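**Q** Pasting a structure here, questions to come.
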Amino acid sequence: MQAQGSLSRRAFLGAMALGGAAAAMGAAGCSPKSEAPASPTSSQDKPDVNAAAEPTAAPAATSNDWLGTEPATPDTFAEEMDVDVVVVGLGWAGVCATRAACEEGASVVVFEKGENFGLTSKNAHAFGSKLWLEHYPESEKYWDRTAIINAVMKGCLNRNSDAIMSKWLNTNGEAFDWFFGAALENPEVVFTSSAEGNKLPKDATGIKETSWPYPANYNPLEEYWPCFPGTACVAPNATPFFEANIAKAEQAAGDKLRIMRFTPAIKLLHDNGHVTGVIAQDADGNFYKATARKGVVLATGDFFSNLAMVNAFLSRRFDEDGIKNIYSVMDAQGNQCNVGDGHRMGAWAGAMMQLDGCNMTHAIGGGTYTVGTLPALVLNKRGQRFMNEDIQGQQFTERLYEQKDKTVFQLYDASFFDHMDDMPYGHGKHPEVKFETVQKEAEEGKLLTSDTIEGLVDQMDIDKDAALASIKRYNELCTKGDDEDYGKVSKRMIGLTTPPFFCDTYIGDGSMKGVGNLVTMSGLESDEECHVYNENLDVIPGLYAAGNVQGNRFSVVYPEVLQGTASPWL
Ligand SMILES: Cc1cc2nc3c(=O)[nH]c(=O)nc-3n(C[C@H](O)[C@H](O)[C@H](O)COP(=O)(O)OP(=O)(O)OC[C@H]3O[C@@H](n4cnc5c(N)ncnc54)[C@H](O)[C@@H]3O)c2cc1C
């Protein structure tokens with residue numbers, strides 16, 4: 001399958017590596033006519049919202065009808081626009097698609113549902129980045145492409161696309177430098193380094209490794225569930241980085257770029273299987289029609305705040321509480337924006353949803369989260385040890401979610417902190433934590449602590465006899481150095497032998513104390529060129545998807561083989 005038009009080097013990058021599909025549609029070489037600036041909307045231009053509401057307002061999906069009915073096309077518009085590219089959504093993917101399209105010479109209109117940007121993630125993996133290696137040269141020894149692609153595919157049960165992952169690996173480095181390079185032109189943006197101890201000045205806008213230092217003996221190639229270091233964390237958040245990239249887009253496109261905020265797309269214009277544009281509606285009820293000569297990029301993010309879609313597409317059960325999430329981008333009415341608008345608009349235009357849904361769920365807090373998802377002993381309320389604790393944060397959380405009252409107890413002793421060099425790197429893992437920190441938190445009452453195991457268990461809301469038996473069994477296995485029960489590697493079998501003993505309680509009650517649902521990562525059937533497919537698995541001309549609305553990047557569950565691969569599909 002070929003993209004429409006030809007692909008330049010930049011287009012290739014913009015198309016996939018940075019998650020923006022804009023360039024894949026052959027914006028290069030086109031000669032868009034400049035748009036006139038938007039004229040203020042007069043009251044006569046405004047449609048009768050009440051009269052129009054029934055056929056035009058996007059009906060909310062009900063609990064068993066995720067798709068709903070496609071709104072009718074309004075008869076009148078506050079404004080009609082004719083551009084090369086329409087981008088829908090301005091998060092990581094939309095920002096990159098916008099800049100890529102503008103740099104290809106396209107005229108672009110962007111519709112964003114929220115007030116500013118889709119601001120959630122702070123992490124982006126740097127695999128392949130030359131810029132990153134200037135600051136963190138240690139990362140390179142971990143970047144084994146073959147190991148990474150196999151681990152990601154295995155983590156997604158091979159139900160995602162090898163080709164998408166392969167393209168990401170081939171292009172991410174250059175894309176990363178392109179995206180972050182824009183912000184680094186500002187001398188006030190700090191890119192710290194391993195040599196500088198991974199420290200950013202207080203209140204700085206900057207970039208650092210999300211988890212540093214790397215545990216001394218860590219080697220992902222020797223891990224059953226590897227996570228490959230090299231994740232950039234931005235401070236204070238992604239806003240200045242998005243702004244720098246939008247500034248680049250404006251520089252390239254001038255008045256050929258228009259961004260309309262609090263103006264969600266409500267449907268795609270489609271004709272005989274081709275997508276030709278977008279209809280959007282602002283907070284005052286005005287309708288806008290944007291016809292796209294080259295294509296429409298859906299970059300609308302995920303659907304974790306849409307229970308009907310969650311139930312329809314995710315393999316796990318999520319109840320009402322379970323889908324409370326920390327997604328914070330709100331529309332003009334104060335509702336979360338991640339309700340799957342792009343998925344539904346695409347489906348109304350004939351697109352097929354990815355078969356195997358995928359979610360990103362992390363243990364955000366619980367008790368103190370002091371050692372995070374490091375592989376200390378974990379018991380449930382029945383007092384049972386129930387898993388090999390040496391897994392990635394996402395998988396750790398999923399197991400937590402299954403336990404009685406969504407509650408688990410994480411137990412460690414004073415000697416645990418002598419083994420940090422042998423600990424894994426990965427999401428929510430804190431091998432840098434010091435024993436003194438733990439003691440302080442215990443003194444402040446944030447962690448349970450005791451000089452005896454019995455004294456510790458007495459403080460826990462747990463089946464005490466079963467817990468004591470499980471700890472005894474665990475200690476025996478640790479002494480043996482062989483986890484005959486669940487197969488945790490022996491170097492991480494650290495028994496509870498040296499007082500004081502500590503307990504951190506994770507409560508996944510859906511109120512974000514213990515479990516957080518971040519995003520869904522399943523989208524419309526797609527490929528490495530961001531095309532969208534219909535039910536016959538034919539490409540829908542004129543339609544592209546990027547970011548979380550793009551299907552087949554991941555499946556079933558976010559594998560966390562690389563932290564920060566959700567955002568930077570720039
Ligand atoms: C709290 C939190 C932390 C996270 N941390 C990480 C992390 O560390 N690393 C990582 O890789 N991932 C992380 N994620 C996941 C990450 O946020 C997403 O994978 C990433 O933001 C996806 O980018 P996106 O552009 O696809 O979607 P988004 O960033 O969600 O952007 C989508 C945009 O589309 C807009 N939109 C929606 N509907 C419409 C419509 N109808 N019309 C117009 N605009 C619309 C939304 O308002 C939003 O601005 C995190 C998520 C959350 C919630």
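Naming scheme: A, B, ... for chains in displayed order of the structure tokens; residues 1 onward per chain; ligands 1 onward as shown.
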Give me the chain A side of the contact with ligand 1, cut-off 6 Å, one line per residue showing its nearest atom pair and distance in Å at one decimal, counting only C-alpha atoms and all ligand atoms, sorted by chain and residue number, as a tab-separated table.
**A**
residue	atom	partner	partner_atom_place_in_ligand_line	distance
A:Val88	CA	ligand 1	43 (C)	4.7
A:Gly89	CA	ligand 1	34 (O)	3.3
A:Leu90	CA	ligand 1	49 (O)	4.6
A:Gly91	CA	ligand 1	31 (O)	3.4
A:Trp92	CA	ligand 1	25 (O)	3.9
A:Ala93	CA	ligand 1	25 (O)	3.8
A:Gly94	CA	ligand 1	25 (O)	5.5
A:Phe111	CA	ligand 1	43 (C)	4.8
A:Glu112	CA	ligand 1	44 (N)	3.7
A:Lys113	CA	ligand 1	44 (N)	3.9
A:Gly114	CA	ligand 1	47 (O)	4.5
A:Phe117	CA	ligand 1	49 (O)	4.9
A:Gly118	CA	ligand 1	49 (O)	3.0
A:Leu119	CA	ligand 1	29 (O)	5.6
A:Thr120	CA	ligand 1	17 (O)	4.4
A:Ser121	CA	ligand 1	5 (N)	3.5
A:Lys122	CA	ligand 1	8 (O)	4.9
A:Asn123	CA	ligand 1	8 (O)	4.0
A:Ala124	CA	ligand 1	11 (O)	5.7
A:Pro264	CA	ligand 1	42 (N)	3.4
A:Ala265	CA	ligand 1	42 (N)	4.0
A:Ile266	CA	ligand 1	41 (N)	5.7
A:Ala299	CA	ligand 1	25 (O)	5.5
A:Thr300	CA	ligand 1	34 (O)	3.4
A:Gly301	CA	ligand 1	27 (O)	3.3
A:Asp302	CA	ligand 1	30 (O)	6.0
A:Ile326	CA	ligand 1	1 (C)	5.1
A:Tyr327	CA	ligand 1	53 (C)	3.9
A:Val329	CA	ligand 1	47 (O)	5.8
A:Cys337	CA	ligand 1	47 (O)	4.8
A:Asn338	CA	ligand 1	37 (C)	5.6
A:Asp341	CA	ligand 1	41 (N)	4.8
A:Leu518	CA	ligand 1	53 (C)	4.1
A:Val519	CA	ligand 1	15 (C)	5.6
A:Gly547	CA	ligand 1	26 (O)	3.3
A:Asn548	CA	ligand 1	26 (O)	3.9
A:Gly564	CA	ligand 1	11 (O)	3.1
A:Thr565	CA	ligand 1	11 (O)	4.4
A:Ala566	CA	ligand 1	11 (O)	3.4
A:Ser567	CA	ligand 1	20 (C)	4.1
**Q** Within 12 Å of segment 229-245 of chain A, which residues of segment 368-438 of chain A come that close, and what is the closest atom pair and distance in Å for each? Count only C-alpha atoms and give it as CSV.
**A**
residue,atom,partner,partner_atom,distance
A:Pro424,CA,A:Pro229,CA,10.4
A:Tyr425,CA,A:Pro229,CA,7.2
A:Gly426,CA,A:Pro229,CA,7.8
A:His427,CA,A:Thr231,CA,10.3
**Q** Would you return as number ranges by chain the members of segment 47-257 of chain A that DSSP assigns to strand (DSSP E) on this structure's backbone?
**A** A: 79-88, 108-111, 123-125, 189-191, 205-209, 231-235, 257
**Q** If we count only C-alpha atoms, what is near Trp212 of chain A at a cut-off of 9 Å, once residues fewer than 4 positions away on the same chain are taken out, given as a PyMOL selection string?
**A** chain A and resi 194+197-198+208+430-432
**Q** Taking 4 positions as the minimum chain separation for residues in the same chain, which residues sit within 10 Å of Met420 of chain A when counting only C-alpha atoms? Answer as a list in words.
**A** Tyr214, Pro215, Ala216, Asn217, Tyr218, Leu374, Ser415, Phe416, Pro424, His430, Pro431, Glu432, Val433, Lys434 and Arg492 of chain A
**Q** Please save C-alpha atoms of the selected residues as a compact mmCIF listing (two decimals), in the first residue's frame.
**A**
# COMPACT_ATOMS: atom_id res chain seq x y z
CA TYR A 214 20.82 2.85 36.21
CA PRO A 215 21.22 -0.07 38.64
CA ALA A 216 24.90 -1.06 38.37
CA ASN A 217 24.36 -4.71 37.42
CA TYR A 218 21.32 -4.19 35.23
CA LEU A 374 10.75 -3.01 42.78
CA SER A 415 18.72 -5.45 54.03
CA PHE A 416 16.65 -4.87 50.90
CA PRO A 424 15.67 -3.84 37.65
CA HIS A 430 13.03 3.28 42.55
CA PRO A 431 16.40 1.61 42.94
CA GLU A 432 17.86 4.97 43.86
CA VAL A 433 15.92 5.08 47.12
CA LYS A 434 18.00 5.22 50.29
CA ARG A 492 16.08 -10.54 43.84
**Q** As a count of residues only, please: all residues of segment 62-257 of chain A that backbone DSSP puts in helix (DSSP H, G or I).
**A** 79
**Q** Just to confirm, what's the straight-line distance from atom CA of Ala106 of chain A to atom CA of Val297 of chain A in Å (one decimal)?
**A**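 About the pair atom CA of Ala106 of chain A and atom CA of Val297 of chain A: they are 13.0 Å apart.
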**Q** Quick check, in Å to one decimal: how far apart do atom CA of Gly105 of chain A and atom CA of Ala253 of chain A lie?
**A**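 We find that atom CA of Gly105 of chain A and atom CA of Ala253 of chain A lie 6.6 Å from each other.
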**Q** Here is a test: counting only C-alpha atoms, which residue of A:Gly68, A:Pro500, A:Gly273, A:Gly357 is nearest to Asp413 of chain A?
**A**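 The shortest atom-to-atom distance to Asp413 of chain A comes from A:Pro500.
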**Q** Write out as a list in words each polymer residue whose atoms come within 8 Å of Val339 of chain A, counting only C-alpha atoms; drop sequence neighbours fewer than 4 positions from it.
**A** Asp302, Phe303, Phe304, Ser305 and Asn306 of chain A
**Q** At a cut-off of 9 Å, using only C-alpha atoms, what residues contact Phe313 of chain A? Leave out same-chain residues fewer than 4 positions from it and give the result as a list in words.
**A**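 Surrounding residues, per the criterion: Ala308, Met309, Met353, Gln354, Leu355, Asp356, Gly357, Cys358 and Ser522 of chain A.
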**Q** Any chance you can output those residues with all heavy atoms as a PDB file, in the first residue's frame?
**A**
ATOM      1  N   ALA A 308     -18.461   2.961  27.660  1.00  0.00           N
ATOM      2  CA  ALA A 308     -18.992   2.056  26.633  1.00  0.00           C
ATOM      3  C   ALA A 308     -17.858   1.527  25.760  1.00  0.00           C
ATOM      4  O   ALA A 308     -17.813   0.344  25.418  1.00  0.00           O
ATOM      5  CB  ALA A 308     -20.021   2.786  25.778  1.00  0.00           C
ATOM      6  N   MET A 309     -16.923   2.388  25.423  1.00  0.00           N
ATOM      7  CA  MET A 309     -15.801   1.944  24.585  1.00  0.00           C
ATOM      8  C   MET A 309     -14.843   1.068  25.377  1.00  0.00           C
ATOM      9  O   MET A 309     -14.312   0.081  24.867  1.00  0.00           O
ATOM     10  CB  MET A 309     -15.069   3.157  23.996  1.00  0.00           C
ATOM     11  CG  MET A 309     -15.913   3.908  22.992  1.00  0.00           C
ATOM     12  SD  MET A 309     -14.991   5.170  22.093  1.00  0.00           S
ATOM     13  CE  MET A 309     -14.023   4.150  20.986  1.00  0.00           C
ATOM     14  N   MET A 353     -12.137  -0.796  13.999  1.00  0.00           N
ATOM     15  CA  MET A 353     -11.382  -0.718  15.256  1.00  0.00           C
ATOM     16  C   MET A 353     -10.401  -1.887  15.343  1.00  0.00           C
ATOM     17  O   MET A 353     -10.709  -3.001  14.917  1.00  0.00           O
ATOM     18  CB  MET A 353     -12.340  -0.783  16.451  1.00  0.00           C
ATOM     19  CG  MET A 353     -13.036   0.513  16.774  1.00  0.00           C
ATOM     20  SD  MET A 353     -11.943   1.792  17.440  1.00  0.00           S
ATOM     21  CE  MET A 353     -11.605   1.181  19.099  1.00  0.00           C
ATOM     22  N   GLN A 354      -9.251  -1.617  15.920  1.00  0.00           N
ATOM     23  CA  GLN A 354      -8.272  -2.667  16.214  1.00  0.00           C
ATOM     24  C   GLN A 354      -8.940  -3.751  17.065  1.00  0.00           C
ATOM     25  O   GLN A 354      -9.731  -3.444  17.960  1.00  0.00           O
ATOM     26  CB  GLN A 354      -7.120  -2.019  16.989  1.00  0.00           C
ATOM     27  CG  GLN A 354      -6.090  -2.951  17.528  1.00  0.00           C
ATOM     28  CD  GLN A 354      -5.048  -2.208  18.368  1.00  0.00           C
ATOM     29  OE1 GLN A 354      -5.043  -0.985  18.426  1.00  0.00           O
ATOM     30  NE2 GLN A 354      -4.176  -2.947  19.003  1.00  0.00           N
ATOM     31  N   LEU A 355      -8.628  -4.991  16.779  1.00  0.00           N
ATOM     32  CA  LEU A 355      -9.326  -6.078  17.462  1.00  0.00           C
ATOM     33  C   LEU A 355      -8.956  -6.208  18.934  1.00  0.00           C
ATOM     34  O   LEU A 355      -9.815  -6.415  19.779  1.00  0.00           O
ATOM     35  CB  LEU A 355      -9.039  -7.404  16.743  1.00  0.00           C
ATOM     36  CG  LEU A 355      -9.688  -7.534  15.371  1.00  0.00           C
ATOM     37  CD1 LEU A 355      -9.304  -8.860  14.734  1.00  0.00           C
ATOM     38  CD2 LEU A 355     -11.202  -7.414  15.475  1.00  0.00           C
ATOM     39  N   ASP A 356      -7.673  -6.116  19.245  1.00  0.00           N
ATOM     40  CA  ASP A 356      -7.254  -6.361  20.624  1.00  0.00           C
ATOM     41  C   ASP A 356      -6.989  -5.049  21.345  1.00  0.00           C
ATOM     42  O   ASP A 356      -5.956  -4.418  21.132  1.00  0.00           O
ATOM     43  CB  ASP A 356      -5.999  -7.229  20.646  1.00  0.00           C
ATOM     44  CG  ASP A 356      -6.303  -8.610  20.111  1.00  0.00           C
ATOM     45  OD1 ASP A 356      -7.047  -9.334  20.777  1.00  0.00           O
ATOM     46  OD2 ASP A 356      -5.824  -8.933  19.009  1.00  0.00           O
ATOM     47  N   GLY A 357      -7.910  -4.663  22.189  1.00  0.00           N
ATOM     48  CA  GLY A 357      -7.774  -3.411  22.920  1.00  0.00           C
ATOM     49  C   GLY A 357      -6.555  -3.415  23.816  1.00  0.00           C
ATOM     50  O   GLY A 357      -5.996  -4.462  24.142  1.00  0.00           O
ATOM     51  N   CYS A 358      -6.134  -2.249  24.219  1.00  0.00           N
ATOM     52  CA  CYS A 358      -4.896  -2.138  24.983  1.00  0.00           C
ATOM     53  C   CYS A 358      -5.025  -0.975  25.962  1.00  0.00           C
ATOM     54  O   CYS A 358      -5.529   0.081  25.609  1.00  0.00           O
ATOM     55  CB  CYS A 358      -3.757  -1.874  24.006  1.00  0.00           C
ATOM     56  SG  CYS A 358      -2.157  -1.721  24.776  1.00  0.00           S
ATOM     57  N   SER A 522      -5.446   1.561  22.018  1.00  0.00           N
ATOM     58  CA  SER A 522      -5.906   0.798  20.866  1.00  0.00           C
ATOM     59  C   SER A 522      -6.710   1.748  20.003  1.00  0.00           C
ATOM     60  O   SER A 522      -7.460   2.577  20.515  1.00  0.00           O
ATOM     61  CB  SER A 522      -6.759  -0.381  21.305  1.00  0.00           C
ATOM     62  OG  SER A 522      -7.623  -0.003  22.332  1.00  0.00           O
TER      63      SER A 522
END
**Q** As a CSV table (one decimal) with C-alpha atoms, in the first residue's frame, please: the residues near Asp482 of chain A (cut-off 12 Å, only C-alpha atoms, same-chain neighbours under 5 positions excluded).
**A**
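That gives us result_30.csv:
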chain,number,residue,atom,x,y,z
A,473,ARG,CA,7.7,-19.8,53.0
A,474,TYR,CA,9.2,-16.8,51.2
A,475,ASN,CA,12.2,-16.6,53.6
A,476,GLU,CA,12.8,-20.3,53.0
A,477,LEU,CA,12.9,-19.8,49.3
A,487,GLY,CA,10.3,-18.1,39.4
A,488,LYS,CA,11.7,-14.8,40.6
A,489,VAL,CA,15.4,-14.7,39.8
A,490,SER,CA,17.5,-15.5,42.9
A,491,LYS,CA,19.4,-12.3,43.1
A,492,ARG,CA,16.1,-10.5,43.8
A,493,MET,CA,14.9,-13.1,46.4
A,494,ILE,CA,15.6,-11.0,49.5
A,495,GLY,CA,14.1,-12.5,52.6
**Q** A:Ala332, A:Ala252, A:Ala183, A:Leu537: which is nearest Asp284 of chain A, counting only C-alpha atoms?
**A**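 Looking only at the distances to Asp284 of chain A, the closest residue turns out to be A:Ala332.
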**Q** Closest to Gly128 of chain A among A:Val152, A:Met260, A:Leu169, A:Ile246, using only C-alpha atoms?
**A** A:Leu169
**Q** Can you work out which one of A:Lys199, A:Arg317, A:Arg145, A:His419 has the shortest atom-to-atom distance to Glu402 of chain A, counting only C-alpha atoms?
**A**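 For Glu402 of chain A, the nearest of the given residues is A:Arg317.
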